[in-house]
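Source file: final.cif; contents: mmCIF, C-alpha atoms and all ligand atoms.
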data_run
#
loop_
_atom_site.label_atom_id
_atom_site.label_comp_id
_atom_site.auth_asym_id
_atom_site.auth_seq_id
_atom_site.Cartn_x
_atom_site.Cartn_y
_atom_site.Cartn_z
CA MET A 1 39.01 20.68 9.83
CA ILE A 2 35.28 20.08 9.83
CA THR A 3 33.91 18.39 12.88
CA LEU A 4 31.19 15.93 12.04
CA ARG A 5 28.72 14.47 14.47
CA PRO A 6 30.29 11.17 15.55
CA THR A 7 27.34 9.13 14.19
CA ILE A 8 27.75 10.72 10.76
CA ALA A 9 31.51 10.24 10.75
CA ALA A 10 31.08 6.58 11.70
CA MET A 11 28.28 5.60 9.32
CA ASN A 12 28.51 4.17 5.83
CA GLY A 13 26.19 5.93 3.41
CA TYR A 14 23.54 3.99 1.49
CA VAL A 15 24.67 2.72 -1.91
CA PRO A 16 21.76 2.85 -4.38
CA GLY A 17 21.53 0.50 -7.37
CA TYR A 18 23.88 1.37 -10.22
CA GLN A 19 22.56 3.80 -12.85
CA PRO A 20 24.88 3.32 -15.86
CA PRO A 21 25.64 6.51 -17.81
CA ASP A 22 24.99 4.70 -21.11
CA ILE A 23 21.63 3.49 -19.83
CA ALA A 24 20.06 2.89 -23.26
CA SER A 25 22.65 0.24 -24.13
CA TRP A 26 21.65 -1.97 -21.17
CA ILE A 27 18.75 -4.19 -20.29
CA LYS A 28 18.39 -2.58 -16.90
CA LEU A 29 16.78 -4.87 -14.34
CA ASN A 30 18.57 -3.79 -11.16
CA THR A 31 16.42 -1.11 -9.50
CA ASN A 32 12.82 -2.27 -10.02
CA GLU A 33 11.96 0.56 -12.39
CA ASN A 34 8.99 0.23 -14.71
CA PRO A 35 9.93 -0.85 -18.25
CA TYR A 36 7.06 1.14 -19.77
CA PRO A 37 6.96 4.93 -20.04
CA PRO A 38 4.57 6.87 -17.82
CA SER A 39 1.08 7.69 -19.12
CA PRO A 40 1.12 10.03 -22.16
CA ARG A 41 -1.06 12.35 -20.05
CA VAL A 42 1.93 12.84 -17.73
CA ILE A 43 4.04 14.17 -20.58
CA GLU A 44 1.21 16.48 -21.69
CA ALA A 45 0.75 17.74 -18.12
CA ILE A 46 4.46 18.51 -17.73
CA ARG A 47 4.47 20.36 -21.08
CA GLU A 48 1.40 22.30 -20.07
CA GLU A 49 2.92 23.20 -16.70
CA LEU A 50 6.09 24.43 -18.41
CA GLY A 51 4.24 26.41 -21.09
CA SER A 52 6.18 27.80 -24.02
CA ASP A 53 8.60 29.84 -21.92
CA GLY A 54 8.76 28.06 -18.57
CA ALA A 55 7.32 31.14 -16.84
CA SER A 56 5.51 28.99 -14.24
CA LEU A 57 8.89 27.95 -12.85
CA ARG A 58 9.46 31.48 -11.52
CA THR A 59 7.06 30.89 -8.67
CA TYR A 60 7.08 28.31 -5.91
CA PRO A 61 4.83 25.29 -6.21
CA CYS A 62 1.83 24.62 -3.96
CA ALA A 63 3.53 23.94 -0.61
CA SER A 64 1.02 21.33 0.54
CA SER A 65 0.52 19.58 -2.85
CA GLN A 66 -3.17 19.91 -1.94
CA LYS A 67 -4.65 18.68 -5.23
CA LEU A 68 -2.55 15.57 -4.98
CA ARG A 69 -3.72 14.87 -1.42
CA GLU A 70 -7.30 15.19 -2.65
CA THR A 71 -6.74 12.98 -5.69
CA ALA A 72 -4.80 10.31 -3.80
CA GLY A 73 -7.34 10.46 -0.97
CA ALA A 74 -10.23 9.87 -3.38
CA LEU A 75 -8.31 7.02 -5.04
CA TYR A 76 -7.52 5.19 -1.81
CA GLY A 77 -10.72 6.04 0.08
CA PHE A 78 -9.35 8.55 2.63
CA ASP A 79 -10.01 12.16 3.52
CA PRO A 80 -7.13 14.37 2.24
CA SER A 81 -6.18 15.08 5.87
CA TRP A 82 -4.96 11.45 6.01
CA ILE A 83 -2.50 11.92 3.11
CA ILE A 84 0.91 13.55 2.80
CA MET A 85 2.88 13.79 -0.44
CA ALA A 86 6.64 13.34 -0.45
CA ASN A 87 9.72 13.76 -2.57
CA GLY A 88 9.87 10.02 -3.15
CA SER A 89 8.69 7.68 -0.41
CA ASP A 90 12.27 7.86 0.89
CA GLU A 91 11.51 11.39 2.13
CA VAL A 92 8.53 10.29 4.16
CA LEU A 93 10.38 7.26 5.58
CA ASN A 94 13.07 9.68 6.74
CA ASN A 95 10.55 12.09 8.24
CA LEU A 96 8.75 9.31 10.11
CA ILE A 97 12.04 8.50 11.83
CA ARG A 98 12.78 12.17 12.47
CA ALA A 99 9.31 12.60 13.96
CA CYS A 100 9.32 9.55 16.21
CA ALA A 101 12.80 8.28 17.04
CA ALA A 102 15.15 10.38 19.14
CA GLU A 103 18.81 9.60 19.70
CA GLY A 104 19.23 6.22 21.38
CA GLN A 105 15.65 5.08 20.70
CA GLU A 106 14.98 1.94 18.74
CA VAL A 107 13.85 1.50 15.15
CA GLY A 108 13.29 -2.03 13.85
CA TYR A 109 12.84 -3.74 10.53
CA VAL A 110 12.98 -7.11 8.83
CA HIS A 111 16.23 -8.37 7.42
CA PRO A 112 16.38 -8.79 4.49
CA SER A 113 14.30 -5.84 3.35
CA TYR A 114 15.03 -2.19 2.53
CA SER A 115 18.30 -1.40 4.28
CA TYR A 116 17.85 2.34 3.75
CA TYR A 117 15.75 2.33 6.97
CA SER A 118 19.02 1.61 8.72
CA THR A 119 20.88 4.52 7.13
CA LEU A 120 18.04 6.93 7.91
CA SER A 121 17.91 5.74 11.53
CA GLU A 122 21.67 6.04 11.96
CA ILE A 123 21.54 9.67 10.81
CA GLN A 124 19.17 10.34 13.72
CA GLY A 125 21.38 8.44 16.13
CA ALA A 126 18.58 5.93 16.63
CA VAL A 127 19.41 2.34 17.53
CA VAL A 128 18.65 -0.12 14.74
CA ARG A 129 17.44 -3.62 15.45
CA THR A 130 16.74 -6.15 12.72
CA TYR A 131 14.63 -9.31 12.83
CA GLY A 132 15.23 -12.28 10.56
CA LEU A 133 12.67 -14.38 8.74
CA THR A 134 11.50 -17.93 9.35
CA GLY A 135 11.39 -20.46 6.49
CA ASP A 136 7.72 -19.66 5.92
CA PHE A 137 8.32 -15.90 5.77
CA ARG A 138 7.22 -14.79 9.20
CA ILE A 139 9.33 -12.61 11.49
CA GLN A 140 11.64 -14.60 13.70
CA ASP A 141 11.32 -14.02 17.44
CA PHE A 142 9.13 -10.94 17.12
CA PRO A 143 8.20 -9.99 20.68
CA GLU A 144 4.65 -10.11 22.04
CA ARG A 145 5.10 -6.42 22.76
CA TYR A 146 7.52 -4.52 20.52
CA SER A 147 8.54 -1.33 22.24
CA GLY A 148 10.70 0.28 19.53
CA ARG A 149 9.50 3.66 18.27
CA ILE A 150 8.93 2.42 14.70
CA PHE A 151 8.86 -0.95 13.01
CA PHE A 152 9.21 -0.90 9.22
CA LEU A 153 7.55 -3.74 7.33
CA THR A 154 8.26 -3.95 3.61
CA THR A 155 5.43 -5.83 1.97
CA PRO A 156 5.70 -7.13 -0.67
CA ASN A 157 9.20 -7.74 0.63
CA SER A 158 12.13 -6.60 -1.45
CA PRO A 159 14.35 -8.39 -2.40
CA LEU A 160 12.43 -11.64 -1.81
CA GLY A 161 9.05 -10.71 -3.32
CA PHE A 162 6.65 -12.42 -0.91
CA ALA A 163 3.87 -10.44 0.82
CA PHE A 164 2.86 -10.79 4.47
CA PRO A 165 -0.82 -11.78 4.90
CA ILE A 166 -3.07 -9.00 6.20
CA ASP A 167 -4.06 -10.86 9.37
CA TYR A 168 -0.37 -11.23 10.21
CA ILE A 169 0.22 -7.49 9.65
CA GLU A 170 -2.76 -6.81 11.90
CA HIS A 171 -1.18 -9.01 14.59
CA LEU A 172 2.05 -6.96 14.27
CA ALA A 173 0.08 -3.71 14.54
CA ARG A 174 -1.35 -4.94 17.83
CA SER A 175 2.11 -5.97 19.07
CA CYS A 176 3.79 -2.63 18.31
CA SER A 177 3.58 0.08 20.91
CA GLY A 178 5.09 2.55 18.43
CA LEU A 179 4.32 3.00 14.74
CA LEU A 180 4.05 0.10 12.33
CA VAL A 181 5.08 1.58 8.98
CA VAL A 182 3.94 -0.68 6.16
CA ASP A 183 6.13 0.15 3.19
CA GLU A 184 3.97 -0.72 0.20
CA ALA A 185 6.34 0.42 -2.55
CA TYR A 186 5.33 -2.71 -4.52
CA ALA A 187 1.70 -3.15 -3.42
CA ASP A 188 0.28 -2.25 -6.84
CA PHE A 189 1.72 -5.52 -8.16
CA ALA A 190 0.24 -7.55 -5.29
CA GLY A 191 -3.17 -8.97 -4.50
CA THR A 192 -3.46 -7.32 -1.08
CA ASN A 193 -2.63 -4.13 0.79
CA ALA A 194 -2.86 -2.80 4.33
CA LEU A 195 -4.93 0.36 3.71
CA GLU A 196 -7.85 -1.01 5.74
CA LEU A 197 -5.54 -1.32 8.76
CA VAL A 198 -4.76 2.41 8.64
CA LYS A 199 -8.43 3.04 9.39
CA ARG A 200 -8.59 0.49 12.19
CA TYR A 201 -5.26 1.01 14.02
CA ASP A 202 -3.98 4.40 15.08
CA ASN A 203 -0.34 3.26 14.88
CA VAL A 204 -0.40 2.00 11.27
CA VAL A 205 1.10 4.11 8.47
CA VAL A 206 1.18 2.98 4.83
CA THR A 207 3.75 4.42 2.43
CA ARG A 208 3.46 4.28 -1.35
CA THR A 209 5.58 5.43 -4.26
CA LEU A 210 4.94 6.45 -7.86
CA SER A 211 8.47 5.28 -8.74
CA LYS A 212 7.53 1.71 -9.62
CA SER A 213 3.94 1.14 -10.71
CA TYR A 214 3.47 4.64 -12.20
CA ALA A 215 6.88 4.67 -13.94
CA LEU A 216 7.92 7.94 -12.31
CA ALA A 217 11.15 7.06 -10.47
CA GLY A 218 12.82 10.02 -12.18
CA MET A 219 10.29 12.49 -10.78
CA ARG A 220 10.62 11.48 -7.10
CA ILE A 221 7.05 11.19 -5.84
CA GLY A 222 5.81 9.20 -2.86
CA LEU A 223 3.14 9.49 -0.20
CA ALA A 224 2.01 8.28 3.19
CA ILE A 225 -1.45 7.47 4.46
CA ALA A 226 -2.00 7.77 8.20
CA ARG A 227 -4.15 9.40 10.89
CA PRO A 228 -4.35 13.21 10.61
CA GLU A 229 -2.30 13.62 13.85
CA ILE A 230 0.60 11.75 12.24
CA ILE A 231 0.20 13.63 8.95
CA ALA A 232 0.22 16.94 10.87
CA ALA A 233 3.49 15.99 12.57
CA LEU A 234 5.06 15.03 9.23
CA ASP A 235 3.88 18.33 7.76
CA LYS A 236 5.82 20.20 10.43
CA ILE A 237 9.14 18.67 9.48
CA ARG A 238 9.06 18.17 5.71
CA ASP A 239 10.71 20.59 3.33
CA HIS A 240 7.94 23.11 2.77
CA TYR A 241 8.18 22.90 -1.03
CA ASN A 242 8.96 19.20 -1.16
CA LEU A 243 7.33 18.50 -4.53
CA ASP A 244 8.32 20.77 -7.38
CA ARG A 245 5.81 22.04 -9.93
CA LEU A 246 6.63 19.47 -12.59
CA ALA A 247 6.40 16.61 -10.09
CA GLN A 248 3.00 17.84 -8.94
CA ALA A 249 1.71 18.12 -12.51
CA ALA A 250 3.09 14.69 -13.40
CA CYS A 251 1.69 13.07 -10.26
CA LEU A 252 -1.80 14.45 -10.80
CA ALA A 253 -1.93 13.26 -14.41
CA ALA A 254 -0.53 9.82 -13.47
CA LEU A 255 -3.06 9.26 -10.68
CA GLN A 256 -5.89 10.38 -12.94
CA ASP A 257 -5.02 7.93 -15.72
CA GLN A 258 -5.98 4.76 -13.88
CA GLU A 259 -6.70 2.85 -17.06
CA TYR A 260 -3.13 3.25 -18.31
CA PHE A 261 -1.77 2.45 -14.85
CA ARG A 262 -3.80 -0.74 -14.48
CA ASP A 263 -2.84 -1.93 -17.94
CA ALA A 264 0.91 -1.42 -17.30
CA CYS A 265 0.66 -3.26 -13.94
CA ARG A 266 -1.24 -6.12 -15.58
CA ARG A 267 1.42 -6.53 -18.26
CA ILE A 268 4.22 -6.56 -15.67
CA ILE A 269 2.40 -9.14 -13.54
CA GLU A 270 1.80 -11.36 -16.59
CA THR A 271 5.46 -11.14 -17.56
CA ARG A 272 6.52 -11.87 -13.95
CA GLU A 273 4.44 -15.06 -13.91
CA TRP A 274 5.73 -16.17 -17.31
CA PHE A 275 9.36 -15.45 -16.34
CA THR A 276 8.98 -17.32 -13.02
CA THR A 277 7.72 -20.45 -14.80
CA GLU A 278 10.43 -20.30 -17.45
CA LEU A 279 13.22 -19.78 -14.91
CA ARG A 280 12.02 -22.79 -12.93
CA GLY A 281 12.08 -24.71 -16.20
CA ILE A 282 15.85 -24.11 -16.48
CA GLY A 283 16.46 -25.24 -12.90
CA TYR A 284 16.26 -21.97 -10.98
CA GLU A 285 14.65 -21.72 -7.59
CA VAL A 286 12.27 -18.74 -7.71
CA ILE A 287 10.31 -17.35 -4.78
CA PRO A 288 6.71 -16.58 -5.84
CA SER A 289 6.68 -12.80 -6.15
CA GLN A 290 4.04 -10.14 -5.54
CA GLY A 291 6.36 -7.35 -6.73
CA ASN A 292 7.73 -6.19 -10.09
CA PHE A 293 10.83 -8.37 -9.60
CA VAL A 294 11.76 -11.92 -8.67
CA PHE A 295 14.44 -13.35 -6.44
CA ALA A 296 15.96 -16.33 -8.23
CA ALA A 297 18.79 -18.73 -7.40
CA PRO A 298 20.64 -20.85 -9.96
CA PRO A 299 21.15 -24.59 -9.31
CA ASP A 300 24.73 -24.05 -8.06
CA ARG A 301 23.53 -21.21 -5.79
CA ASN A 302 26.22 -18.88 -7.09
CA GLY A 303 24.55 -15.52 -7.74
CA LYS A 304 27.84 -13.77 -8.56
CA ARG A 305 28.64 -16.16 -11.42
CA VAL A 306 25.29 -15.47 -13.12
CA TYR A 307 25.51 -11.75 -12.34
CA ASP A 308 28.90 -11.57 -14.09
CA GLY A 309 27.64 -13.57 -17.07
CA LEU A 310 24.68 -11.24 -17.49
CA TYR A 311 26.81 -8.15 -16.96
CA THR A 312 29.13 -9.06 -19.85
CA ARG A 313 25.99 -9.36 -22.01
CA LYS A 314 24.90 -5.88 -20.90
CA ILE A 315 22.08 -7.13 -18.72
CA LEU A 316 22.13 -5.49 -15.30
CA VAL A 317 20.46 -7.26 -12.36
CA ARG A 318 20.91 -6.84 -8.60
CA LEU A 319 23.44 -8.91 -6.69
CA LEU A 320 22.98 -8.06 -3.03
CA SER A 321 26.10 -7.73 -0.94
CA ASP A 322 24.54 -9.59 1.99
CA SER A 323 25.94 -13.13 2.43
CA LEU A 324 22.39 -14.32 3.17
CA LEU A 325 21.43 -13.42 -0.40
CA ALA A 326 24.59 -14.37 -2.30
CA HIS A 327 22.97 -17.53 -3.67
CA GLY A 328 20.61 -15.57 -5.89
CA LEU A 329 19.79 -12.41 -7.78
CA ARG A 330 16.98 -9.90 -7.68
CA ILE A 331 15.78 -9.39 -11.22
CA SER A 332 13.33 -6.59 -12.05
CA ILE A 333 10.59 -7.42 -14.53
CA GLY A 334 11.15 -5.63 -17.82
CA THR A 335 9.17 -5.88 -21.04
CA ARG A 336 8.36 -9.36 -22.32
CA GLU A 337 11.07 -8.94 -24.98
CA GLU A 338 13.69 -7.92 -22.39
CA MET A 339 12.78 -10.91 -20.22
CA GLU A 340 12.99 -13.30 -23.19
CA LEU A 341 16.53 -12.04 -23.88
CA THR A 342 17.42 -12.31 -20.18
CA LEU A 343 16.06 -15.85 -19.96
CA ALA A 344 18.01 -16.90 -23.07
CA ALA A 345 21.19 -15.40 -21.56
CA MET A 346 20.61 -17.18 -18.25
CA ALA A 347 20.02 -20.50 -20.03
CA GLU A 348 23.28 -19.99 -21.91
CA ILE A 349 25.22 -19.07 -18.76
CA GLY A 350 23.80 -22.22 -17.12
C1 LIG B 401 10.86 -1.08 -0.28
C2 LIG B 401 11.15 0.27 -0.84
N1 LIG B 401 10.72 1.35 -0.19
C3 LIG B 401 10.96 2.58 -0.66
C4 LIG B 401 11.68 2.79 -1.81
C5 LIG B 401 11.96 4.19 -2.25
O1 LIG B 401 11.07 4.61 -3.19
P1 LIG B 401 11.06 6.10 -3.73
O2 LIG B 401 11.59 6.04 -5.12
O3 LIG B 401 9.61 6.48 -3.69
O4 LIG B 401 11.88 6.95 -2.82
C6 LIG B 401 12.16 1.69 -2.52
C7 LIG B 401 12.95 1.89 -3.74
O5 LIG B 401 13.50 1.03 -4.34
C8 LIG B 401 11.89 0.40 -2.03
O6 LIG B 401 12.35 -0.69 -2.65
#

Go ahead and express the file in the form of structure tokens.
Amino acid sequence: MITLRPTIAAMNGYVPGYQPPDIASWIKLNTNENPYPPSPRVIEAIREELGSDGASLRTYPCASSQKLRETAGALYGFDPSWIIMANGSDEVLNNLIRACAAEGQEVGYVHPSYSYYSTLSEIQGAVVRTYGLTGDFRIQDFPERYSGRIFFLTTPNSPLGFAFPIDYIEHLARSCSGLLVVDEAYADFAGTNALELVKRYDNVVVTRTLSKSYALAGMRIGLAIARPEIIAALDKIRDHYNLDRLAQAACLAALQDQEYFRDACRRIIETREWFTTELRGIGYEVIPSQGNFVFAAPPDRNGKRVYDGLYTRKILVRLLSDSLLAHGLRISIGTREEMELTLAAMAEIG
């Protein structure tokens, strides 16, 4: 008999969005992936890294992903000592909790947002506390002084798509005695971001991912931007070779091809705006989104009915299990063609 830690035995694991084995036969709009391929320079860089015989794979990659810290630092306006690279932003979210929250200490986040914070906190035996939202998308009953070790703020929010204004995030930074981790997985599709606050507040950390806007979900690359003291702590606890050679090559090429990146983001934003207008035209309630997805509710507020109708047509969207969200669906923004087909299916389903 194996004896698990009681917290591990008691917890439910996180259930990620479904990845169908016959992925090519679906219009897949359930996990906010990018519908366009990554920059062609990424493919070239991976080929180059592999060489003709894959000999480079014999040796370990650069443990610190130094070139990436330099490139990301230059891109975002920070010294490389303010950047850490991660095996997906999930890794750095996990390590922030490991670094700051001991057993019994509190970690907070907004509900609804990214429930993986909860799973990661439970693993550490931390106490999770969630705060709801008001009708105008502010945090309900957030204390004047929040004394939890970390508060995670997903902005733009997933699954709802709205973004918190910067002055409000600044107010939260002042209220938190621990870290305010601003999870900006979707910030490249938004008009604002909190990078400036990292410079002004020593408790603000921003996390980013290349999974969405850079179309590299399959490579697992994320990063955090924070004061060097926080980065140094995260460096102590990460896997020492957390980004493999191919991920490092892909990441460098992706960050360097800003023209391709900007163009893909622009197309997704344009399609998001078009889709929002069209969905409203067929009676859906759609929250204005700053992400690469929308949260939309049909007139009868029955998300499951529309989910099932789309599923039988091989269109996969996200129905969230939470009763608070059962009236709608989170729909990732695909290509214009995919969204035209999805809209036609939704109109038919009614
Ligand atoms: C809000 C948010 N944060 C973090 C992540 C994880 O991103 P990554 O693929 O970089 O681990 C996701 C993925 O869907 C997300 O929605």

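Here atom CA of Arg149 of chain A stands at a distance of 29.1 Å from atom CA of Asn32 of chain A.
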
Q: For Ala45 of chain A, work out the shell of residues within 10 Å, counting all atoms listed in the file and skipping chain neighbours fewer than 2 positions away, then give it as a ChimeraX atom specification.
A: /A:40-43,47-51,246-254

Can you report as AutoDock Vina command-line options the centre and edge lengths in Å, to one decimal, of an axis-aligned box around the listed atoms of ligand LIG 401 (chain B) padded with 4 Å on each side?
--center_x 11.6 --center_y 2.9 --center_z -2.7 --size_x 11.9 --size_y 16.0 --size_z 12.9

12 Å contact set for Ile169 of chain A, only C-alpha atoms, chain neighbours under 2 positions out, as a tab-separated table (two decimals) with C-alpha atoms, keeping the file's coordinate frame:
chain	number	residue	atom	x	y	z
A	138	ARG	CA	7.22	-14.79	9.20
A	139	ILE	CA	9.33	-12.61	11.49
A	151	PHE	CA	8.86	-0.95	13.01
A	152	PHE	CA	9.21	-0.90	9.22
A	153	LEU	CA	7.55	-3.74	7.33
A	154	THR	CA	8.26	-3.95	3.61
A	155	THR	CA	5.43	-5.83	1.97
A	156	PRO	CA	5.70	-7.13	-0.67
A	163	ALA	CA	3.87	-10.44	0.82
A	164	PHE	CA	2.86	-10.79	4.47
A	165	PRO	CA	-0.82	-11.78	4.90
A	166	ILE	CA	-3.07	-9.00	6.20
A	167	ASP	CA	-4.06	-10.86	9.37
A	171	HIS	CA	-1.18	-9.01	14.59
A	172	LEU	CA	2.05	-6.96	14.27
A	173	ALA	CA	0.08	-3.71	14.54
A	174	ARG	CA	-1.35	-4.94	17.83
A	175	SER	CA	2.11	-5.97	19.07
A	176	CYS	CA	3.79	-2.63	18.31
A	180	LEU	CA	4.05	0.10	12.33
A	181	VAL	CA	5.08	1.58	8.98
A	182	VAL	CA	3.94	-0.68	6.16
A	183	ASP	CA	6.13	0.15	3.19
A	192	THR	CA	-3.46	-7.32	-1.08
A	193	ASN	CA	-2.63	-4.13	0.79
A	194	ALA	CA	-2.86	-2.80	4.33
A	195	LEU	CA	-4.93	0.36	3.71
A	196	GLU	CA	-7.85	-1.01	5.74
A	197	LEU	CA	-5.54	-1.32	8.76
A	198	VAL	CA	-4.76	2.41	8.64
A	201	TYR	CA	-5.26	1.01	14.02
A	203	ASN	CA	-0.34	3.26	14.88
A	204	VAL	CA	-0.40	2.00	11.27
A	205	VAL	CA	1.10	4.11	8.47
A	206	VAL	CA	1.18	2.98	4.83

(Q) Between A:Thr335, A:Ser56, A:Thr31, A:Asn242, which residue has the minimum interatomic distance to ligand LIG 401 (chain B), considering all atoms listed in the file? (A)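 Checking each candidate against ligand LIG 401 (chain B), we get A:Thr31 as the closest.
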